[in-house]
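Chemist: start.cif is reproduced in full below (mmCIF, C-alpha atoms).
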```
data_upload
#
loop_
_atom_site.group_PDB
_atom_site.id
_atom_site.type_symbol
_atom_site.label_atom_id
_atom_site.label_comp_id
_atom_site.auth_asym_id
_atom_site.auth_seq_id
_atom_site.Cartn_x
_atom_site.Cartn_y
_atom_site.Cartn_z
ATOM 1 C CA MET A 18 -5.425 -39.750 19.916
ATOM 2 C CA LYS A 19 -8.237 -39.589 22.440
ATOM 3 C CA ASP A 20 -11.478 -41.361 21.594
ATOM 4 C CA ARG A 21 -13.323 -38.061 21.926
ATOM 5 C CA THR A 22 -11.096 -36.424 19.298
ATOM 6 C CA ARG A 23 -11.434 -39.456 17.022
ATOM 7 C CA TRP A 24 -15.241 -39.257 17.226
ATOM 8 C CA LYS A 25 -15.209 -35.529 16.493
ATOM 9 C CA ILE A 26 -13.191 -36.163 13.335
ATOM 10 C CA ILE A 27 -15.469 -39.016 12.260
ATOM 11 C CA LEU A 28 -18.552 -36.866 12.883
ATOM 12 C CA LEU A 29 -17.080 -33.943 10.921
ATOM 13 C CA ILE A 30 -16.191 -36.175 7.969
ATOM 14 C CA ALA A 31 -19.644 -37.822 8.020
ATOM 15 C CA LEU A 32 -21.392 -34.434 8.156
ATOM 16 C CA LEU A 33 -19.356 -33.077 5.240
ATOM 17 C CA ILE A 34 -20.024 -36.220 3.164
ATOM 18 C CA PHE A 35 -23.748 -35.920 3.917
ATOM 19 C CA LEU A 36 -23.789 -32.260 2.823
ATOM 20 C CA ASP A 37 -21.896 -33.110 -0.364
ATOM 21 C CA LEU A 38 -24.172 -36.002 -1.319
ATOM 22 C CA TRP A 39 -27.286 -34.008 -0.427
ATOM 23 C CA THR A 40 -26.263 -31.061 -2.638
ATOM 24 C CA LYS A 41 -25.492 -33.457 -5.495
ATOM 25 C CA GLU A 42 -28.909 -35.089 -5.160
ATOM 26 C CA LEU A 43 -30.532 -31.652 -5.204
ATOM 27 C CA ALA A 44 -28.582 -30.821 -8.362
ATOM 28 C CA LYS A 45 -29.629 -34.100 -9.953
ATOM 29 C CA SER A 46 -33.281 -33.568 -9.008
ATOM 30 C CA PHE A 47 -33.574 -29.938 -10.103
ATOM 31 C CA LEU A 48 -30.914 -29.411 -12.773
ATOM 32 C CA LYS A 49 -30.382 -32.631 -14.722
ATOM 33 C CA GLU A 50 -33.448 -32.353 -16.935
ATOM 34 C CA THR A 51 -33.265 -28.605 -17.491
ATOM 35 C CA PHE A 52 -29.551 -27.925 -18.030
ATOM 36 C CA THR A 53 -28.406 -27.206 -21.578
ATOM 37 C CA TYR A 54 -25.139 -25.329 -21.901
ATOM 38 C CA SER A 55 -25.241 -21.809 -23.321
ATOM 39 C CA ASN A 56 -22.497 -19.236 -23.931
ATOM 40 C CA THR A 57 -24.413 -16.462 -22.189
ATOM 41 C CA PHE A 58 -25.290 -16.014 -18.539
ATOM 42 C CA PRO A 59 -26.663 -18.092 -16.778
ATOM 43 C CA TYR A 60 -24.961 -20.543 -19.162
ATOM 44 C CA GLY A 61 -27.976 -22.834 -19.377
ATOM 45 C CA GLY A 62 -28.376 -23.199 -15.620
ATOM 46 C CA ILE A 63 -29.925 -21.305 -12.738
ATOM 47 C CA ALA A 64 -28.533 -17.809 -12.165
ATOM 48 C CA ILE A 65 -27.049 -17.021 -8.744
ATOM 49 C CA PHE A 66 -25.164 -13.792 -9.479
ATOM 50 C CA GLU A 67 -23.725 -11.969 -12.466
ATOM 51 C CA GLY A 68 -20.941 -9.396 -12.702
ATOM 52 C CA PHE A 69 -19.631 -9.688 -9.138
ATOM 53 C CA LEU A 70 -16.433 -7.620 -8.913
ATOM 54 C CA SER A 71 -17.198 -6.535 -12.483
ATOM 55 C CA GLY A 72 -16.715 -9.948 -14.051
ATOM 56 C CA ILE A 73 -17.450 -13.014 -11.916
ATOM 57 C CA ASP A 74 -20.588 -14.938 -12.841
ATOM 58 C CA PHE A 75 -22.011 -17.850 -10.871
ATOM 59 C CA SER A 76 -24.785 -20.222 -11.844
ATOM 60 C CA LEU A 77 -25.858 -23.775 -11.132
ATOM 61 C CA GLY A 78 -25.418 -26.258 -13.949
ATOM 62 C CA TYR A 79 -25.202 -30.032 -14.266
ATOM 63 C CA VAL A 80 -22.450 -32.329 -15.535
ATOM 64 C CA GLU A 81 -21.854 -36.046 -15.018
ATOM 65 C CA ASN A 82 -18.071 -36.314 -14.652
ATOM 66 C CA LYS A 83 -16.578 -39.792 -15.173
ATOM 67 C CA GLY A 84 -13.015 -38.647 -14.480
ATOM 68 C CA ALA A 85 -11.115 -36.821 -11.782
ATOM 69 C CA ALA A 86 -10.841 -33.034 -11.547
ATOM 70 C CA PHE A 87 -11.755 -31.386 -14.871
ATOM 71 C CA GLY A 88 -12.557 -34.832 -16.294
ATOM 72 C CA PHE A 89 -8.928 -36.022 -16.294
ATOM 73 C CA PHE A 90 -8.421 -39.800 -16.487
ATOM 74 C CA HIS A 91 -12.020 -40.451 -17.596
ATOM 75 C CA ASN A 92 -10.715 -43.237 -19.846
ATOM 76 C CA PHE A 93 -9.094 -45.048 -16.896
ATOM 77 C CA PRO A 94 -11.876 -45.554 -14.316
ATOM 78 C CA LYS A 95 -10.324 -48.590 -12.588
ATOM 79 C CA ILE A 96 -6.931 -46.942 -12.123
ATOM 80 C CA LEU A 97 -8.635 -43.776 -10.886
ATOM 81 C CA LEU A 98 -10.748 -45.775 -8.419
ATOM 82 C CA LEU A 99 -7.694 -47.626 -7.108
ATOM 83 C CA PHE A 100 -5.782 -44.345 -6.705
ATOM 84 C CA ARG A 101 -8.688 -42.763 -4.808
ATOM 85 C CA LEU A 102 -8.980 -45.755 -2.452
ATOM 86 C CA ILE A 103 -5.239 -45.755 -1.723
ATOM 87 C CA LEU A 104 -5.248 -41.991 -1.159
ATOM 88 C CA VAL A 105 -8.206 -42.063 1.256
ATOM 89 C CA SER A 106 -6.656 -44.981 3.177
ATOM 90 C CA PHE A 107 -3.325 -43.196 3.495
ATOM 91 C CA LEU A 108 -4.904 -39.909 4.573
ATOM 92 C CA GLY A 109 -7.094 -41.763 7.080
ATOM 93 C CA TYR A 110 -3.992 -43.377 8.542
ATOM 94 C CA LEU A 111 -2.345 -39.961 8.862
ATOM 95 C CA VAL A 112 -5.306 -38.216 10.475
ATOM 96 C CA PHE A 113 -6.088 -40.987 12.980
ATOM 97 C CA PHE A 114 -2.649 -42.371 13.833
ATOM 98 C CA LYS A 115 0.141 -39.957 12.924
ATOM 99 C CA GLU A 116 -0.833 -36.303 12.856
ATOM 100 C CA LYS A 117 -0.837 -34.340 16.131
ATOM 101 C CA LYS A 118 -1.619 -30.823 14.929
ATOM 102 C CA HIS A 119 -5.307 -29.923 15.041
ATOM 103 C CA ILE A 120 -5.213 -27.674 11.990
ATOM 104 C CA VAL A 121 -3.495 -30.347 9.881
ATOM 105 C CA ARG A 122 -6.035 -32.943 11.045
ATOM 106 C CA LEU A 123 -8.770 -30.556 9.968
ATOM 107 C CA GLY A 124 -7.208 -30.097 6.520
ATOM 108 C CA LEU A 125 -6.770 -33.863 6.123
ATOM 109 C CA SER A 126 -10.384 -34.391 7.251
ATOM 110 C CA PHE A 127 -11.620 -31.992 4.557
ATOM 111 C CA VAL A 128 -9.655 -33.851 1.876
ATOM 112 C CA ILE A 129 -10.901 -37.232 3.138
ATOM 113 C CA ALA A 130 -14.530 -36.056 3.240
ATOM 114 C CA GLY A 131 -14.305 -34.650 -0.284
ATOM 115 C CA ALA A 132 -12.629 -37.762 -1.649
ATOM 116 C CA LEU A 133 -15.173 -40.053 0.053
ATOM 117 C CA GLY A 134 -18.065 -37.924 -1.231
ATOM 118 C CA ASN A 135 -16.836 -38.284 -4.790
ATOM 119 C CA LEU A 136 -16.070 -41.986 -4.245
ATOM 120 C CA ALA A 137 -19.638 -42.527 -3.033
ATOM 121 C CA ASP A 138 -20.874 -41.058 -6.327
ATOM 122 C CA VAL A 139 -18.579 -43.319 -8.328
ATOM 123 C CA PHE A 140 -19.750 -46.427 -6.442
ATOM 124 C CA ARG A 141 -23.433 -45.463 -6.747
ATOM 125 C CA GLN A 142 -23.605 -44.269 -10.341
ATOM 126 C CA GLN A 143 -20.157 -44.524 -12.015
ATOM 127 C CA TYR A 144 -19.834 -40.740 -12.267
ATOM 128 C CA VAL A 145 -19.549 -37.644 -10.071
ATOM 129 C CA ILE A 146 -22.137 -34.877 -10.239
ATOM 130 C CA ASP A 147 -20.653 -31.400 -10.742
ATOM 131 C CA PHE A 148 -22.962 -28.390 -10.598
ATOM 132 C CA LEU A 149 -21.182 -25.219 -9.398
ATOM 133 C CA ASN A 150 -20.533 -23.113 -12.493
ATOM 134 C CA PHE A 151 -18.237 -20.072 -12.337
ATOM 135 C CA HIS A 152 -17.077 -17.801 -15.140
ATOM 136 C CA PHE A 153 -14.210 -15.429 -14.364
ATOM 137 C CA TYR A 154 -14.115 -12.351 -16.580
ATOM 138 C CA GLY A 155 -15.459 -14.245 -19.577
ATOM 139 C CA TYR A 156 -13.498 -17.453 -19.026
ATOM 140 C CA PRO A 157 -15.384 -20.544 -17.883
ATOM 141 C CA PHE A 158 -14.079 -22.626 -15.002
ATOM 142 C CA PRO A 159 -14.922 -26.352 -15.115
ATOM 143 C CA LEU A 160 -18.006 -27.224 -13.092
ATOM 144 C CA PHE A 161 -17.302 -28.665 -9.646
ATOM 145 C CA ASN A 162 -19.079 -29.686 -6.445
ATOM 146 C CA LEU A 163 -18.816 -29.367 -2.656
ATOM 147 C CA ALA A 164 -16.482 -32.380 -2.433
ATOM 148 C CA ASP A 165 -14.061 -30.724 -4.859
ATOM 149 C CA SER A 166 -14.210 -27.557 -2.754
ATOM 150 C CA LEU A 167 -13.425 -29.527 0.410
ATOM 151 C CA ILE A 168 -10.440 -31.183 -1.260
ATOM 152 C CA THR A 169 -9.162 -27.789 -2.410
ATOM 153 C CA ILE A 170 -9.668 -26.093 0.969
ATOM 154 C CA GLY A 171 -8.023 -29.011 2.790
ATOM 155 C CA GLY A 172 -5.132 -28.985 0.336
ATOM 156 C CA VAL A 173 -4.587 -25.247 0.791
ATOM 157 C CA MET A 174 -4.644 -25.715 4.581
ATOM 158 C CA LEU A 175 -1.992 -28.431 4.301
ATOM 159 C CA ILE A 176 0.164 -26.216 2.083
ATOM 160 C CA PHE A 177 0.016 -23.269 4.477
ATOM 161 C CA PHE A 178 0.564 -25.306 7.635
ATOM 162 C CA GLU A 179 3.018 -27.948 6.432
ATOM 163 C CA ILE A 180 5.235 -26.619 3.610
ATOM 164 C CA PRO A 181 8.225 -25.024 5.364
ATOM 165 C CA ILE A 182 8.175 -21.574 3.725
ATOM 166 C CA PHE A 183 4.456 -21.098 4.424
ATOM 167 C CA LYS A 184 4.624 -22.908 7.773
ATOM 168 C CA LYS A 185 7.150 -20.423 9.151
ATOM 169 C CA PHE A 186 5.014 -17.485 8.038
ATOM 170 C CA THR A 187 1.795 -18.876 9.524
ATOM 171 C CA GLU A 188 3.501 -19.975 12.756
ATOM 172 C CA ASP A 189 4.976 -16.504 13.282
ATOM 173 C CA HIS A 190 1.614 -14.816 12.761
ATOM 174 C CA LEU A 191 -0.630 -17.263 14.579
ATOM 175 C CA GLU A 192 1.549 -17.592 17.673
ATOM 176 C CA LYS A 193 1.301 -13.837 18.223
ATOM 177 C CA GLY A 194 -2.448 -14.325 18.776
ATOM 178 C CA SER A 195 -4.194 -16.177 21.545
ATOM 179 C CA ILE A 196 -4.764 -19.358 19.538
ATOM 180 C CA ASN A 197 -2.014 -21.871 18.842
ATOM 181 C CA VAL A 198 -3.243 -24.322 16.225
ATOM 182 C CA TYR A 199 -0.011 -26.305 16.202
ATOM 183 C CA THR A 200 -0.104 -28.193 19.465
ATOM 184 C CA THR A 201 -2.380 -30.737 20.990
ATOM 185 C CA LYS A 202 -2.878 -31.635 24.651
ATOM 186 C CA GLU A 203 -2.820 -35.378 24.072
#
```
Let me see the structure of the file written as structure tokens.
Modeler:
Amino acid sequence: MKDRTRWKIILLIALLIFLDLWTKELAKSFLKETFTYSNTFPYGGIAIFEGFLSGIDFSLGYVENKGAAFGFFHNFPKILLLFRLILVSFLGYLVFFKEKKHIVRLGLSFVIAGALGNLADVFRQQYVIDFLNFHFYGYPFPLFNLADSLITIGGVMLIFFEIPIFKKFTEDHLEKGSINVYTTKE
């Protein structure tokens, strides 16, 4: 990998981590003291929109999550921390030393940035701040944050560009256009 490409990836990851940590600090500053959960919109938080597509509500709330996604493994913080460190190290190795496809590097970078953003929270305060609160047609979705969104987006990118059945579909459609996201000039 060229040094220029390496620096672009590092800058992207750093920018995404900054945005994640900044939004969490804003949530902590403005939502922590005022958030009390309610069963009606805006569910104890700050209303953003209600009834989008006749049933999607979005508000800002505040939760201190000591586990992984949806609070899983909250009783095993040391194992969870070790898993996160191993995962970030492995993904870093892939993005900087193994992977040649730009789009896969981008997906891996999103996952790394999200994981590092949540790890930074765990190191600083022993919990992750979640504040994005969606309800879909009356059913609440667990609160999450920008880092969780980055991990999800990166994971979806990896699925569509690396799992054979999806890879074939996306290759066929993308190569018909003027952009080929599968090759690198290194």
Chemist: Do you have, as a Markdown table, the list of residues of segment 23-136 of chain A lying at most 9 Å from segment 151-175 of chain A, each with its nearest atom pair and that distance in Å to one decimal, counting only C-alpha atoms and ordered by chain then number?
Modeler:
```
| residue | atom | partner | partner_atom | distance |
| --- | --- | --- | --- | --- |
| A:Leu33 | CA | A:Ala164 | CA | 8.2 |
| A:Ile34 | CA | A:Ala164 | CA | 7.7 |
| A:Leu36 | CA | A:Leu163 | CA | 7.9 |
| A:Asp37 | CA | A:Leu163 | CA | 5.4 |
| A:Leu38 | CA | A:Ala164 | CA | 8.6 |
| A:Thr40 | CA | A:Leu163 | CA | 7.6 |
| A:Lys41 | CA | A:Asn162 | CA | 7.5 |
| A:Gly68 | CA | A:Tyr154 | CA | 8.4 |
| A:Ser71 | CA | A:Tyr154 | CA | 7.8 |
| A:Gly72 | CA | A:Tyr154 | CA | 4.4 |
| A:Ile73 | CA | A:Phe153 | CA | 4.7 |
| A:Asp74 | CA | A:His152 | CA | 5.1 |
| A:Phe75 | CA | A:Phe151 | CA | 4.6 |
| A:Ser76 | CA | A:Phe151 | CA | 6.6 |
| A:Leu77 | CA | A:Phe151 | CA | 8.6 |
| A:Gly78 | CA | A:Leu160 | CA | 7.5 |
| A:Tyr79 | CA | A:Leu160 | CA | 7.8 |
| A:Val80 | CA | A:Leu160 | CA | 7.2 |
| A:Ala86 | CA | A:Asp165 | CA | 7.8 |
| A:Phe87 | CA | A:Pro159 | CA | 6.0 |
| A:Gly88 | CA | A:Pro159 | CA | 8.9 |
| A:Ile120 | CA | A:Met174 | CA | 7.7 |
| A:Val121 | CA | A:Leu175 | CA | 6.1 |
| A:Leu123 | CA | A:Gly171 | CA | 7.4 |
| A:Gly124 | CA | A:Gly171 | CA | 4.0 |
| A:Leu125 | CA | A:Gly171 | CA | 6.0 |
| A:Ser126 | CA | A:Gly171 | CA | 7.4 |
| A:Phe127 | CA | A:Gly171 | CA | 5.0 |
| A:Val128 | CA | A:Ile168 | CA | 4.2 |
| A:Ile129 | CA | A:Ile168 | CA | 7.5 |
| A:Ala130 | CA | A:Ala164 | CA | 7.0 |
| A:Gly131 | CA | A:Ala164 | CA | 3.8 |
| A:Ala132 | CA | A:Ala164 | CA | 6.7 |
| A:Leu133 | CA | A:Ala164 | CA | 8.2 |
| A:Gly134 | CA | A:Ala164 | CA | 5.9 |
| A:Asn135 | CA | A:Ala164 | CA | 6.4 |
```
Chemist: Using atom CA of Ile103 of chain A and atom CA of Phe177 of chain A as the two end points, give the distance in Å to one decimal.
Modeler: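 Atom-to-atom, atom CA of Ile103 of chain A to atom CA of Phe177 of chain A, that is 23.9 Å.
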Chemist: Please measure the separation of atom CA of Phe113 of chain A and atom CA of Leu99 of chain A, giving the value in Å to one decimal.
Modeler: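 We find that atom CA of Phe113 of chain A and atom CA of Leu99 of chain A lie 21.2 Å from each other.
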Chemist: Any chance you could resolve the PyMOL selection byres ((chain A and resi 58) around 9) against this file and give the residues as a PyMOL selection string?
Modeler: chain A and resi 55-57+59-62+64+67+74-76
Chemist: Can you write out the residues you just picked, keeping C-alpha atoms, as a compact mmCIF listing (two decimals), keeping the file's coordinate frame?
Modeler:
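Saved as part-v6.txt:
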```txt
# COMPACT_ATOMS: atom_id res chain seq x y z
CA SER A 55 -25.24 -21.81 -23.32
CA ASN A 56 -22.50 -19.24 -23.93
CA THR A 57 -24.41 -16.46 -22.19
CA PRO A 59 -26.66 -18.09 -16.78
CA TYR A 60 -24.96 -20.54 -19.16
CA GLY A 61 -27.98 -22.83 -19.38
CA GLY A 62 -28.38 -23.20 -15.62
CA ALA A 64 -28.53 -17.81 -12.16
CA GLU A 67 -23.72 -11.97 -12.47
CA ASP A 74 -20.59 -14.94 -12.84
CA PHE A 75 -22.01 -17.85 -10.87
CA SER A 76 -24.78 -20.22 -11.84
```
Chemist: In Å, with one decimal, what is the gap from atom CA of Leu136 of chain A to atom CA of Leu48 of chain A?
Modeler: 21.2 Å
Chemist: From the list A:Leu104, A:Val112, A:Ala44, A:Leu97, which residue is nearest Thr22 of chain A when using only C-alpha atoms?
Modeler: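 Of A:Leu104, A:Val112, A:Ala44, A:Leu97, the one nearest Thr22 of chain A, counting only C-alpha atoms, is A:Val112.
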Chemist: With distances taken over all atoms listed in the file, which residue among A:Lys95, A:Ile65, A:Glu116, A:Lys45 lies nearest Phe148 of chain A?
Modeler: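 Nearest to Phe148 of chain A: A:Lys45.
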Chemist: Closest to Arg101 of chain A among A:Lys19, A:Val139, A:Leu29, A:Tyr144, using only C-alpha atoms?
Modeler: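 Checking each candidate against Arg101 of chain A, we get A:Val139 as the closest.
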Chemist: Pick out the closest residue to Ile26 of chain A from this set: A:Asn150, A:Gln143, A:Gly109, A:Ile180. Count all atoms listed in the file.
Modeler: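 With all atoms listed in the file as the atom set, the closest residue is A:Gly109.
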Chemist: Go through A:Leu102, A:Leu28, A:Leu43, A:Ile96 and flag the residue nearest Ala137 of chain A, using only C-alpha atoms for the distances.
Modeler: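 The closest residue to Ala137 of chain A is A:Leu102.
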Chemist: Compare A:Ala85, A:Leu32, A:Lys115, A:Leu70 by their minimum atom-to-atom distance to Ile146 of chain A, counting all atoms listed in the file, and give me the closest one.
Modeler: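 Ranking A:Ala85, A:Leu32, A:Lys115, A:Leu70 by distance to Ile146 of chain A, first place goes to A:Ala85.
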